[in-house]
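entry18.tsv (TSV, C-alpha atoms) appears below.
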chain	number	residue	atom	x	y	z
A	1	MET	CA	145.93	128.25	54.55
A	2	LEU	CA	148.12	131.28	55.25
A	3	THR	CA	148.35	132.78	58.73
A	4	ILE	CA	148.26	136.44	59.73
A	5	PHE	CA	149.12	138.35	62.89
A	6	LEU	CA	147.40	141.73	63.47
A	7	VAL	CA	148.95	144.66	65.35
A	8	ASP	CA	147.20	147.94	66.18
A	9	ASP	CA	147.13	150.07	69.32
A	10	GLU	CA	143.52	151.11	68.67
A	11	THR	CA	141.25	148.51	70.28
A	12	ILE	CA	138.32	149.20	67.95
A	13	GLU	CA	140.47	148.94	64.81
A	14	LEU	CA	142.04	145.70	66.04
A	15	ASP	CA	138.63	144.20	66.82
A	16	LEU	CA	137.27	145.23	63.41
A	17	MET	CA	140.24	143.68	61.62
A	18	GLU	CA	140.11	140.48	63.62
A	19	ASN	CA	136.37	139.88	63.72
A	20	HIS	CA	134.78	141.73	60.81
A	21	ILE	CA	136.99	140.87	57.86
A	22	ASP	CA	136.33	137.62	56.05
A	23	TRP	CA	139.90	136.34	56.22
A	24	ALA	CA	138.82	132.77	55.40
A	25	SER	CA	137.58	133.87	51.97
A	26	MET	CA	141.17	134.98	51.28
A	27	GLY	CA	142.59	131.70	52.54
A	28	ILE	CA	143.96	133.36	55.68
A	29	GLN	CA	143.62	132.51	59.37
A	30	VAL	CA	144.20	135.08	62.14
A	31	VAL	CA	146.60	133.46	64.64
A	32	GLY	CA	147.07	136.37	67.02
A	33	THR	CA	146.80	140.05	67.80
A	34	ALA	CA	148.71	142.63	69.84
A	35	ARG	CA	148.31	146.29	70.76
A	36	ASN	CA	151.97	147.29	70.49
A	37	GLY	CA	155.10	146.18	68.71
A	38	ARG	CA	156.83	144.70	71.74
A	39	LYS	CA	153.95	142.37	72.60
A	40	ALA	CA	153.59	141.54	68.91
A	41	TRP	CA	157.28	140.64	68.59
A	42	GLU	CA	157.05	138.25	71.56
A	43	GLN	CA	154.15	136.40	69.96
A	44	ILE	CA	155.39	136.57	66.35
A	45	GLN	CA	158.62	134.80	67.30
A	46	ARG	CA	156.58	131.94	68.75
A	47	LEU	CA	153.77	131.79	66.17
A	48	GLN	CA	155.80	132.64	63.04
A	49	PRO	CA	152.84	133.73	60.88
A	50	ASP	CA	153.09	134.09	57.11
A	51	ILE	CA	151.89	137.72	57.19
A	52	VAL	CA	152.04	140.54	59.74
A	53	LEU	CA	149.62	143.45	59.29
A	54	THR	CA	150.81	146.24	61.57
A	55	ASP	CA	150.00	149.82	62.35
A	56	VAL	CA	152.96	152.16	61.81
A	57	ARG	CA	152.58	154.50	64.80
A	58	MET	CA	152.12	152.81	68.18
A	59	PRO	CA	153.38	153.30	71.72
A	60	VAL	CA	156.10	151.10	73.27
A	61	MET	CA	157.46	149.89	69.89
A	62	ASP	CA	156.26	151.23	66.54
A	63	GLY	CA	155.54	149.20	63.43
A	64	LEU	CA	158.74	150.22	61.68
A	65	ARG	CA	160.92	148.90	64.53
A	66	LEU	CA	158.81	145.73	64.62
A	67	ALA	CA	159.31	145.33	60.87
A	68	ALA	CA	163.08	145.72	61.25
A	69	LEU	CA	163.14	142.92	63.84
A	70	ILE	CA	160.99	140.69	61.66
A	71	GLN	CA	163.18	141.29	58.60
A	72	GLU	CA	166.34	140.63	60.60
A	73	LYS	CA	165.20	137.44	62.35
A	74	LEU	CA	162.22	136.07	60.39
A	75	GLY	CA	162.77	137.45	56.91
A	76	TRP	CA	160.26	135.21	55.14
A	77	ILE	CA	157.29	136.88	56.87
A	78	GLN	CA	155.39	139.25	54.57
A	79	LEU	CA	154.75	142.71	56.03
A	80	VAL	CA	151.79	144.96	55.37
A	81	PHE	CA	151.58	148.36	57.04
A	82	LEU	CA	148.44	150.11	58.19
A	83	SER	CA	148.31	153.79	59.02
A	84	GLY	CA	145.97	156.68	59.55
A	85	HIS	CA	148.61	158.89	57.94
A	86	ASP	CA	148.95	159.37	54.20
A	87	GLU	CA	152.44	160.79	54.34
A	88	PHE	CA	155.28	160.02	51.98
A	89	THR	CA	157.79	159.46	54.80
A	90	TYR	CA	155.67	156.64	56.25
A	91	VAL	CA	155.20	155.02	52.85
A	92	LYS	CA	158.91	155.34	52.09
A	93	SER	CA	159.87	153.83	55.46
A	94	ALA	CA	157.40	150.99	54.95
A	95	ILE	CA	158.83	150.16	51.53
A	96	GLU	CA	162.38	150.30	52.88
A	97	SER	CA	161.27	147.87	55.62
A	98	GLY	CA	160.33	145.31	52.98
A	99	ALA	CA	156.56	145.82	53.05
A	100	VAL	CA	154.41	144.26	50.35
A	101	GLY	CA	151.64	146.76	51.00
A	102	TYR	CA	150.59	149.95	52.77
A	103	LEU	CA	146.94	150.46	53.70
A	104	LEU	CA	145.29	153.60	55.01
A	105	LYS	CA	142.72	153.63	57.82
A	106	PRO	CA	139.88	153.06	57.62
A	107	ILE	CA	140.63	149.90	55.68
A	108	ASP	CA	139.10	149.66	52.23
A	109	ARG	CA	138.14	145.99	51.87
A	110	LYS	CA	138.85	145.89	48.12
A	111	GLU	CA	142.30	147.33	48.68
A	112	LEU	CA	142.91	144.86	51.52
A	113	PHE	CA	141.90	141.93	49.28
A	114	ALA	CA	144.25	143.20	46.54
A	115	VAL	CA	147.19	143.48	48.93
A	116	MET	CA	146.55	140.03	50.43
A	117	ASP	CA	146.33	138.59	46.93
A	118	ARG	CA	149.92	139.71	46.36
Go through the file and emit its structure as structure tokens.
Amino acid sequence: MLTIFLVDDETIELDLMENHIDWASMGIQVVGTARNGRKAWEQIQRLQPDIVLTDVRMPVMDGLRLAALIQEKLGWIQLVFLSGHDEFTYVKSAIESGAVGYLLKPIDRKELFAVMDR
């Protein structure tokens, strides 16, 4: 089973992702969550999940900086970005950060399944 770590500064979004998505049906187990990139980075180094699903814009440390750290130190981890913004600059930055997917909020479950299948 693959493992995933979820990062979002919005409490409701984080709860919905963690508790209302059938991760097990995708062969994925949620191993942790965080509300900002700094807290996420601390836990990701210890847990070393297979996948990190992170919001792009967050206080303290944003998802792009988190992705850069992950790529530099733990390059095998697959990155998927989540954002409430459908802007080319975010998508471009996500792709340059090595992301395998970019999802818009609110999450479309079919799109999420397709990205996780990759």
Spatial neighbours of A:Val100, 7 Å, only C-alpha atoms, chain gap at least 2 places, as a ChimeraX atom specification: /A:78-80,98
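If you look at atom CA of A:Met17 and atom CA of A:Glu42, they are 20.3 Å away from each other.
Going from atom CA of A:Lys39 over to atom CA of A:Met1, you cover 24.3 Å.
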Interatomic distance (Å, one decimal) between atom CA of A:Asp62 and atom CA of A:Gly37: 5.6 Å
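Proximity of A:Ile4, A:Leu112, A:Leu103, A:Val60 to A:Leu47, computed with all atoms listed in the file, is greatest for A:Ile4.
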